[in-house]
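Novice: Got a structure for you, work-v7.cif, holding mmCIF, C-alpha atoms.
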```cif
data_my_file
#
loop_
_atom_site.group_PDB
_atom_site.id
_atom_site.type_symbol
_atom_site.label_atom_id
_atom_site.label_comp_id
_atom_site.auth_asym_id
_atom_site.auth_seq_id
_atom_site.Cartn_x
_atom_site.Cartn_y
_atom_site.Cartn_z
ATOM 1 C CA MET A 1 171.654 8.849 -26.254
ATOM 2 C CA SER A 2 173.057 6.114 -24.051
ATOM 3 C CA ALA A 3 173.909 6.858 -20.436
ATOM 4 C CA VAL A 4 177.569 7.216 -19.492
ATOM 5 C CA THR A 5 178.800 4.192 -17.585
ATOM 6 C CA LEU A 6 180.347 4.295 -14.128
ATOM 7 C CA TYR A 7 183.604 3.002 -15.559
ATOM 8 C CA ALA A 8 183.752 5.778 -18.172
ATOM 9 C CA LEU A 9 183.147 8.485 -15.559
ATOM 10 C CA GLU A 10 185.781 7.095 -13.212
ATOM 11 C CA GLU A 11 188.273 6.668 -16.048
ATOM 12 C CA ASN A 12 187.704 10.261 -17.176
ATOM 13 C CA LEU A 13 188.197 11.558 -13.621
ATOM 14 C CA VAL A 14 191.452 9.644 -13.203
ATOM 15 C CA ALA A 15 192.697 10.923 -16.566
ATOM 16 C CA LEU A 16 191.960 14.540 -15.581
ATOM 17 C CA LEU A 17 193.721 14.121 -12.237
ATOM 18 C CA ASP A 18 196.759 12.655 -14.009
ATOM 19 C CA THR A 19 196.766 15.529 -16.520
ATOM 20 C CA VAL A 20 196.491 18.549 -14.232
ATOM 21 C CA ASP A 21 200.096 18.337 -12.990
ATOM 22 C CA MET A 22 201.406 18.037 -16.530
ATOM 23 C CA VAL A 23 199.965 21.385 -17.644
ATOM 24 C CA GLU A 24 201.919 24.548 -16.894
ATOM 25 C CA ASP A 25 199.647 27.142 -18.445
ATOM 26 C CA PRO A 26 197.502 28.705 -15.657
ATOM 27 C CA ALA A 27 194.499 29.101 -17.930
ATOM 28 C CA GLN A 28 194.634 25.454 -18.943
ATOM 29 C CA GLN A 29 195.124 24.416 -15.324
ATOM 30 C CA GLU A 30 192.015 26.374 -14.349
ATOM 31 C CA ALA A 31 190.023 24.807 -17.173
ATOM 32 C CA ILE A 32 191.149 21.327 -16.151
ATOM 33 C CA ALA A 33 190.319 22.123 -12.523
ATOM 34 C CA ARG A 34 186.773 23.015 -13.568
ATOM 35 C CA ASP A 35 186.562 19.783 -15.559
ATOM 36 C CA ILE A 36 187.786 17.832 -12.531
ATOM 37 C CA VAL A 37 185.083 19.360 -10.338
ATOM 38 C CA ALA A 38 182.420 18.558 -12.936
ATOM 39 C CA ALA A 39 183.781 15.027 -13.460
ATOM 40 C CA HIS A 40 183.906 14.441 -9.716
ATOM 41 C CA LEU A 41 180.298 15.575 -9.256
ATOM 42 C CA ALA A 42 179.180 13.358 -12.138
ATOM 43 C CA ALA A 43 181.087 10.377 -10.722
ATOM 44 C CA VAL A 44 179.642 10.933 -7.239
ATOM 45 C CA GLU A 45 176.108 11.089 -8.642
ATOM 46 C CA LYS A 46 176.692 7.918 -10.651
ATOM 47 C CA ARG A 47 178.117 6.111 -7.609
ATOM 48 C CA ASP A 48 175.049 7.002 -5.590
ATOM 49 C CA LYS A 49 172.725 5.823 -8.357
ATOM 50 C CA VAL A 50 174.560 2.510 -8.603
ATOM 51 C CA ALA A 51 174.366 2.086 -4.808
ATOM 52 C CA GLN A 52 170.660 2.936 -4.878
ATOM 53 C CA PHE A 53 170.060 0.332 -7.584
ATOM 54 C CA ILE A 54 171.919 -2.342 -5.597
ATOM 55 C CA ALA A 55 169.836 -1.425 -2.536
ATOM 56 C CA HIS A 56 166.715 -1.699 -4.702
ATOM 57 C CA CYS A 57 167.777 -5.205 -5.779
ATOM 58 C CA GLU A 58 168.298 -6.198 -2.144
ATOM 59 C CA ILE A 59 164.875 -4.860 -1.168
ATOM 60 C CA GLN A 60 163.245 -6.722 -4.039
ATOM 61 C CA GLN A 61 164.952 -9.964 -3.014
ATOM 62 C CA ALA A 62 163.831 -9.517 0.595
ATOM 63 C CA GLY A 63 160.285 -8.888 -0.596
ATOM 64 C CA ILE A 64 160.383 -11.955 -2.833
ATOM 65 C CA ASP A 65 161.736 -14.089 0.030
ATOM 66 C CA ALA A 66 158.897 -12.869 2.246
ATOM 67 C CA GLU A 67 156.375 -13.618 -0.506
ATOM 68 C CA ILE A 68 157.837 -17.089 -1.036
ATOM 69 C CA LYS A 69 157.516 -17.774 2.696
ATOM 70 C CA ARG A 70 153.949 -16.450 2.697
ATOM 71 C CA LEU A 71 153.018 -18.628 -0.286
ATOM 72 C CA GLN A 72 154.682 -21.671 1.263
ATOM 73 C CA ASN A 73 152.682 -21.157 4.452
ATOM 74 C CA LEU A 74 149.533 -20.636 2.411
ATOM 75 C CA LYS A 75 150.238 -23.794 0.414
ATOM 76 C CA GLN A 76 150.771 -25.733 3.640
ATOM 77 C CA THR A 77 147.483 -24.392 4.996
ATOM 78 C CA TYR A 78 145.594 -25.482 1.880
ATOM 79 C CA SER A 79 147.366 -28.843 1.913
ATOM 80 C CA LYS A 80 146.368 -29.509 5.512
ATOM 81 C CA THR A 81 142.822 -28.325 4.841
ATOM 82 C CA GLN A 82 142.566 -30.626 1.804
ATOM 83 C CA GLU A 83 143.900 -33.519 3.873
ATOM 84 C CA ARG A 84 141.308 -32.909 6.611
ATOM 85 C CA VAL A 85 138.420 -32.624 4.143
ATOM 86 C CA GLU A 86 139.513 -35.730 2.230
ATOM 87 C CA GLY A 87 139.807 -37.588 5.533
ATOM 88 C CA TYR A 88 136.320 -36.470 6.512
ATOM 89 C CA VAL A 89 134.835 -37.629 3.196
ATOM 90 C CA THR A 90 136.703 -40.943 3.441
ATOM 91 C CA ARG A 91 135.439 -41.560 6.974
ATOM 92 C CA THR A 92 131.910 -40.697 5.835
ATOM 93 C CA ILE A 93 132.023 -43.295 3.064
ATOM 94 C CA LEU A 94 133.531 -45.913 5.378
ATOM 95 C CA ASP A 95 130.952 -45.178 8.089
ATOM 96 C CA LEU A 96 128.127 -45.644 5.576
ATOM 97 C CA GLY A 97 129.331 -49.195 5.122
ATOM 98 C CA LYS A 98 129.312 -51.479 2.108
ATOM 99 C CA ASP A 99 126.440 -52.105 -0.264
ATOM 100 C CA GLU A 100 124.824 -55.445 -1.067
ATOM 101 C CA LYS A 101 127.723 -56.241 -3.391
ATOM 102 C CA GLY A 102 130.260 -55.739 -0.622
ATOM 103 C CA LYS A 103 131.611 -52.469 -2.009
ATOM 104 C CA TYR A 104 131.760 -49.105 -0.324
ATOM 105 C CA ARG A 105 129.150 -46.678 -1.623
ATOM 106 C CA LYS A 106 129.979 -43.768 -3.848
ATOM 107 C CA LEU A 107 128.947 -40.197 -3.085
ATOM 108 C CA GLU A 108 127.784 -38.662 -6.328
ATOM 109 C CA GLY A 109 127.414 -34.956 -6.977
ATOM 110 C CA LYS A 110 126.547 -33.137 -10.187
ATOM 111 C CA THR A 111 130.155 -32.705 -11.278
ATOM 112 C CA ALA A 112 132.099 -35.041 -8.997
ATOM 113 C CA VAL A 113 131.950 -38.564 -7.591
ATOM 114 C CA PHE A 114 133.669 -39.594 -4.363
ATOM 115 C CA SER A 115 134.738 -43.170 -3.757
ATOM 116 C CA VAL A 116 137.399 -44.947 -1.734
ATOM 117 C CA LYS A 117 140.162 -47.203 -2.942
ATOM 118 C CA SER A 118 142.308 -49.493 -0.837
ATOM 119 C CA CYS A 119 145.863 -48.157 -0.551
ATOM 120 C CA PRO A 120 148.932 -50.350 -1.008
ATOM 121 C CA ALA A 121 150.330 -51.784 2.206
ATOM 122 C CA SER A 122 152.682 -49.383 3.982
ATOM 123 C CA VAL A 123 154.882 -49.485 7.079
ATOM 124 C CA ASP A 124 154.210 -47.391 10.171
ATOM 125 C CA ILE A 125 157.300 -47.333 12.414
ATOM 126 C CA LYS A 126 156.233 -47.213 16.053
ATOM 127 C CA ASP A 127 159.668 -47.577 17.669
ATOM 128 C CA ASP A 128 162.713 -47.654 15.417
ATOM 129 C CA ALA A 129 164.978 -48.511 18.372
ATOM 130 C CA VAL A 130 163.718 -52.089 18.460
ATOM 131 C CA VAL A 131 163.821 -52.664 14.694
ATOM 132 C CA PRO A 132 166.602 -55.196 13.865
ATOM 133 C CA SER A 133 169.782 -53.615 12.515
ATOM 134 C CA SER A 134 169.565 -55.939 9.495
ATOM 135 C CA LEU A 135 166.573 -53.862 8.387
ATOM 136 C CA LYS A 136 168.246 -50.480 8.804
ATOM 137 C CA THR A 137 170.666 -48.355 6.839
ATOM 138 C CA LEU A 138 173.302 -46.103 8.396
ATOM 139 C CA ALA A 139 174.549 -42.738 7.126
ATOM 140 C CA LEU A 140 177.898 -41.535 8.497
ATOM 141 C CA THR A 141 180.003 -38.450 7.854
ATOM 142 C CA VAL A 142 183.661 -39.181 8.598
ATOM 143 C CA PRO A 143 186.997 -37.879 7.270
ATOM 144 C CA ALA A 144 187.799 -39.649 4.012
ATOM 145 C CA GLU A 145 191.281 -40.466 5.351
ATOM 146 C CA ALA A 146 189.814 -42.296 8.351
ATOM 147 C CA TRP A 147 187.447 -44.147 6.042
ATOM 148 C CA GLN A 148 190.296 -45.161 3.747
ATOM 149 C CA GLU A 149 192.354 -46.398 6.705
ATOM 150 C CA PHE A 150 189.398 -48.473 7.876
ATOM 151 C CA VAL A 151 188.884 -49.992 4.428
ATOM 152 C CA ASP A 152 192.608 -50.729 3.975
ATOM 153 C CA SER A 153 192.832 -52.409 7.385
ATOM 154 C CA ALA A 154 189.976 -54.808 6.690
ATOM 155 C CA ASP A 155 190.425 -58.345 5.433
ATOM 156 C CA ILE A 156 190.219 -58.538 1.640
ATOM 157 C CA ASP A 157 187.171 -60.818 1.616
ATOM 158 C CA GLU A 158 185.423 -58.835 4.363
ATOM 159 C CA ARG A 159 186.245 -55.589 2.585
ATOM 160 C CA SER A 160 184.822 -56.858 -0.700
ATOM 161 C CA LYS A 161 181.669 -58.013 1.031
ATOM 162 C CA PHE A 162 181.350 -54.728 2.895
ATOM 163 C CA MET A 163 181.965 -52.574 -0.187
ATOM 164 C CA ALA A 164 179.382 -54.581 -2.117
ATOM 165 C CA SER A 165 176.794 -53.765 0.553
ATOM 166 C CA ILE A 166 177.236 -50.002 0.172
ATOM 167 C CA LYS A 167 174.141 -48.502 -1.466
ATOM 168 C CA LYS A 168 175.323 -44.926 -1.688
ATOM 169 C CA CYS A 169 178.647 -43.185 -1.163
ATOM 170 C CA ASP A 170 178.946 -39.404 -1.310
ATOM 171 C CA ILE A 171 182.407 -37.879 -1.030
ATOM 172 C CA ALA A 172 182.863 -34.130 -0.562
ATOM 173 C CA VAL A 173 186.007 -32.025 -0.235
ATOM 174 C CA ASP A 174 186.332 -30.235 3.121
ATOM 175 C CA LYS A 175 187.055 -26.749 1.800
ATOM 176 C CA ARG A 176 187.812 -25.342 5.246
ATOM 177 C CA ALA A 177 190.484 -27.948 5.877
ATOM 178 C CA VAL A 178 191.909 -27.465 2.379
ATOM 179 C CA LYS A 179 192.022 -23.679 2.808
ATOM 180 C CA ALA A 180 193.804 -23.977 6.147
ATOM 181 C CA ALA A 181 196.348 -26.382 4.656
ATOM 182 C CA LEU A 182 197.005 -24.201 1.616
ATOM 183 C CA GLU A 183 197.395 -21.085 3.751
ATOM 184 C CA SER A 184 199.936 -23.010 5.836
ATOM 185 C CA GLY A 185 201.984 -23.578 2.709
ATOM 186 C CA ASP A 186 201.062 -27.195 2.007
ATOM 187 C CA ALA A 187 200.921 -28.313 -1.623
ATOM 188 C CA ILE A 188 197.648 -30.101 -2.338
ATOM 189 C CA PRO A 189 196.926 -31.622 -5.770
ATOM 190 C CA GLY A 190 193.628 -30.899 -7.460
ATOM 191 C CA VAL A 191 192.881 -27.616 -5.685
ATOM 192 C CA ALA A 192 193.869 -23.969 -5.885
ATOM 193 C CA LEU A 193 193.658 -21.083 -3.442
ATOM 194 C CA VAL A 194 191.697 -18.245 -5.061
ATOM 195 C CA THR A 195 193.042 -14.854 -3.967
ATOM 196 C CA ASP A 196 191.845 -12.601 -6.812
ATOM 197 C CA LYS A 197 188.142 -12.689 -6.068
ATOM 198 C CA TYR A 198 186.462 -9.637 -4.555
ATOM 199 C CA SER A 199 183.081 -8.873 -3.028
ATOM 200 C CA LEU A 200 181.534 -5.428 -3.217
ATOM 201 C CA GLN A 201 181.115 -3.625 0.108
ATOM 202 C CA ARG A 202 178.561 -0.834 0.475
ATOM 203 C CA ARG A 203 178.135 1.425 3.492
#
```
Can the structure in the file be given as structure tokens, please?

Specialist:
Amino acid sequence: MSAVTLYALEENLVALLDTVDMVEDPAQQEAIARDIVAAHLAAVEKRDKVAQFIAHCEIQQAGIDAEIKRLQNLKQTYSKTQERVEGYVTRTILDLGKDEKGKYRKLEGKTAVFSVKSCPASVDIKDDAVVPSSLKTLALTVPAEAWQEFVDSADIDERSKFMASIKKCDIAVDKRAVKAALESGDAIPGVALVTDKYSLQRR
């Protein structure tokens, strides 16, 4: 037998409350009153169970978040430990020097062999303040309107050259500004103010 849903219990209680004033017979009124009490108790119990289940979900999420954080910290610990051990083995091989063929020696175990390999050239930035601007990229967050005014005011050739140099352009709608404008009565194309969405509150 399937459990009665919260909606069914609440609907039944509302129906009984709507019916009691329509009945004139005292015996029927008393019977309905008893049904109302029973329906109310059932609805209250169901409400509590639903609230308890939501609380259980929240507790589980908190526990999972804590476990995720613990695992992330543990992963970071193992990652740093691996990096230190690999660095130690690398230094050991380099300190042993090269063999007669000019190659660094290998450290052989029963199931593993350690060796070193030259890494591709990489850049280590010591002071980015003195790096020429021609070798830098710039990320700005500005109102799209201000950006459009800047682009429109530029010379056509300069604008074309500038636009061609853009590597990435992300445009996002400022929802706070849109909401404020809509609530002030402004008509804005492409958006809508949602007023029929509800969040459940539990005390």

Novice: Quick one: what's the axis-aligned box for region 184-192 of chain A, all listed atoms, 3 Å on every side, centre and edges in Å to one decimal, as lines of an AutoDock Vina configuration file?

Specialist:
```
center_x = 197.4
center_y = -27.3
center_z = -0.8
size_x = 15.1
size_y = 14.6
size_z = 19.3
```

Novice: Fewer than 6 positions away in the same chain doesn't count, so skip those; otherwise give me all residues within 12 Å of region 105-115 of chain A, counting all atoms listed in the file, as a PyMOL selection string.

Specialist: chain A and resi 85-99

Novice: What does the distance from CA of Ala39 (chain A) to CA of Glu11 (chain A) come to in Å, to one decimal?

Specialist: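 We find that CA of Ala39 (chain A) and CA of Glu11 (chain A) lie 9.8 Å from each other.
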
Novice: Residues at most 12 Å from region 133-142 of chain A, counting all atoms listed in the file, excluding those fewer than 6 positions away in the same chain, as a list in words?

Specialist: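 Surrounding residues, per the criterion: Ile125, Gln148, Glu149, Phe150, Ser165, Ile166, Lys167, Lys168, Cys169, Asp170, Ile171, Ala172, Val173 and Asp174 of chain A.
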
Novice: From the list A:Ile36, A:Ala27, A:Val191, A:Ala66, which residue is nearest Val14 (chain A) when using all atoms listed in the file?

Specialist: A:Ile36

Novice: Please measure the separation of CA of Leu193 (chain A) and CA of Val178 (chain A), giving the value in Å to one decimal.

Specialist: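 We find that CA of Leu193 (chain A) and CA of Val178 (chain A) lie 8.8 Å from each other.
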
Novice: In Å, how far is it from CA of Ala43 (chain A) to CA of Asp18 (chain A)?

Specialist: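 We find that CA of Ala43 (chain A) and CA of Asp18 (chain A) lie 16.2 Å from each other.
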
Novice: With all atoms listed in the file as the counted atoms, please give the residues lying no more than 10 Å from Leu9 (chain A), apart from itself and same-chain residues fewer than 4 positions off, as number ranges by chain.

Specialist: A: 4-5, 13-15, 39-44, 46-47

Novice: Selection from above, C-alpha atoms, as a PDB file, keeping the file's coordinate frame, can you write it?

Specialist:
```
ATOM      1  CA  VAL A   4     177.569   7.216 -19.492  1.00  0.00           C
ATOM      2  CA  THR A   5     178.800   4.192 -17.585  1.00  0.00           C
ATOM      3  CA  LEU A  13     188.197  11.558 -13.621  1.00  0.00           C
ATOM      4  CA  VAL A  14     191.452   9.644 -13.203  1.00  0.00           C
ATOM      5  CA  ALA A  15     192.697  10.923 -16.566  1.00  0.00           C
ATOM      6  CA  ALA A  39     183.781  15.027 -13.460  1.00  0.00           C
ATOM      7  CA  HIS A  40     183.906  14.441  -9.716  1.00  0.00           C
ATOM      8  CA  LEU A  41     180.298  15.575  -9.256  1.00  0.00           C
ATOM      9  CA  ALA A  42     179.180  13.358 -12.138  1.00  0.00           C
ATOM     10  CA  ALA A  43     181.087  10.377 -10.722  1.00  0.00           C
ATOM     11  CA  VAL A  44     179.642  10.933  -7.239  1.00  0.00           C
ATOM     12  CA  LYS A  46     176.692   7.918 -10.651  1.00  0.00           C
ATOM     13  CA  ARG A  47     178.117   6.111  -7.609  1.00  0.00           C
TER      14      ARG A  47
END
```

Novice: Using only C-alpha atoms, which of the listed residues (A:Val116, A:Pro189, A:Glu183, A:Leu6) sits closest to Val50 (chain A)?

Specialist: A:Leu6

Novice: Would you kindly return, as a list in words, each protein, DNA or RNA residue with an atom no farther than 10 Å from any atom of Lys179 (chain A), considering all atoms listed in the file and excluding same-chain residues fewer than 2 positions away?

Specialist: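 Residues near the query, excluding close chain neighbours: Asp174, Lys175, Arg176, Ala177, Ala181, Leu182, Glu183, Ser184, Gly185, Asp186, Ile188, Val191, Ala192, Leu193 and Val194 of chain A.
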
Novice: Around (195.3, 22.2, -16.4) in the file's frame, which residues reach within 9 Å when counting all atoms listed in the file? Return as a PyMOL selection string?

Specialist: chain A and resi 16+19-33
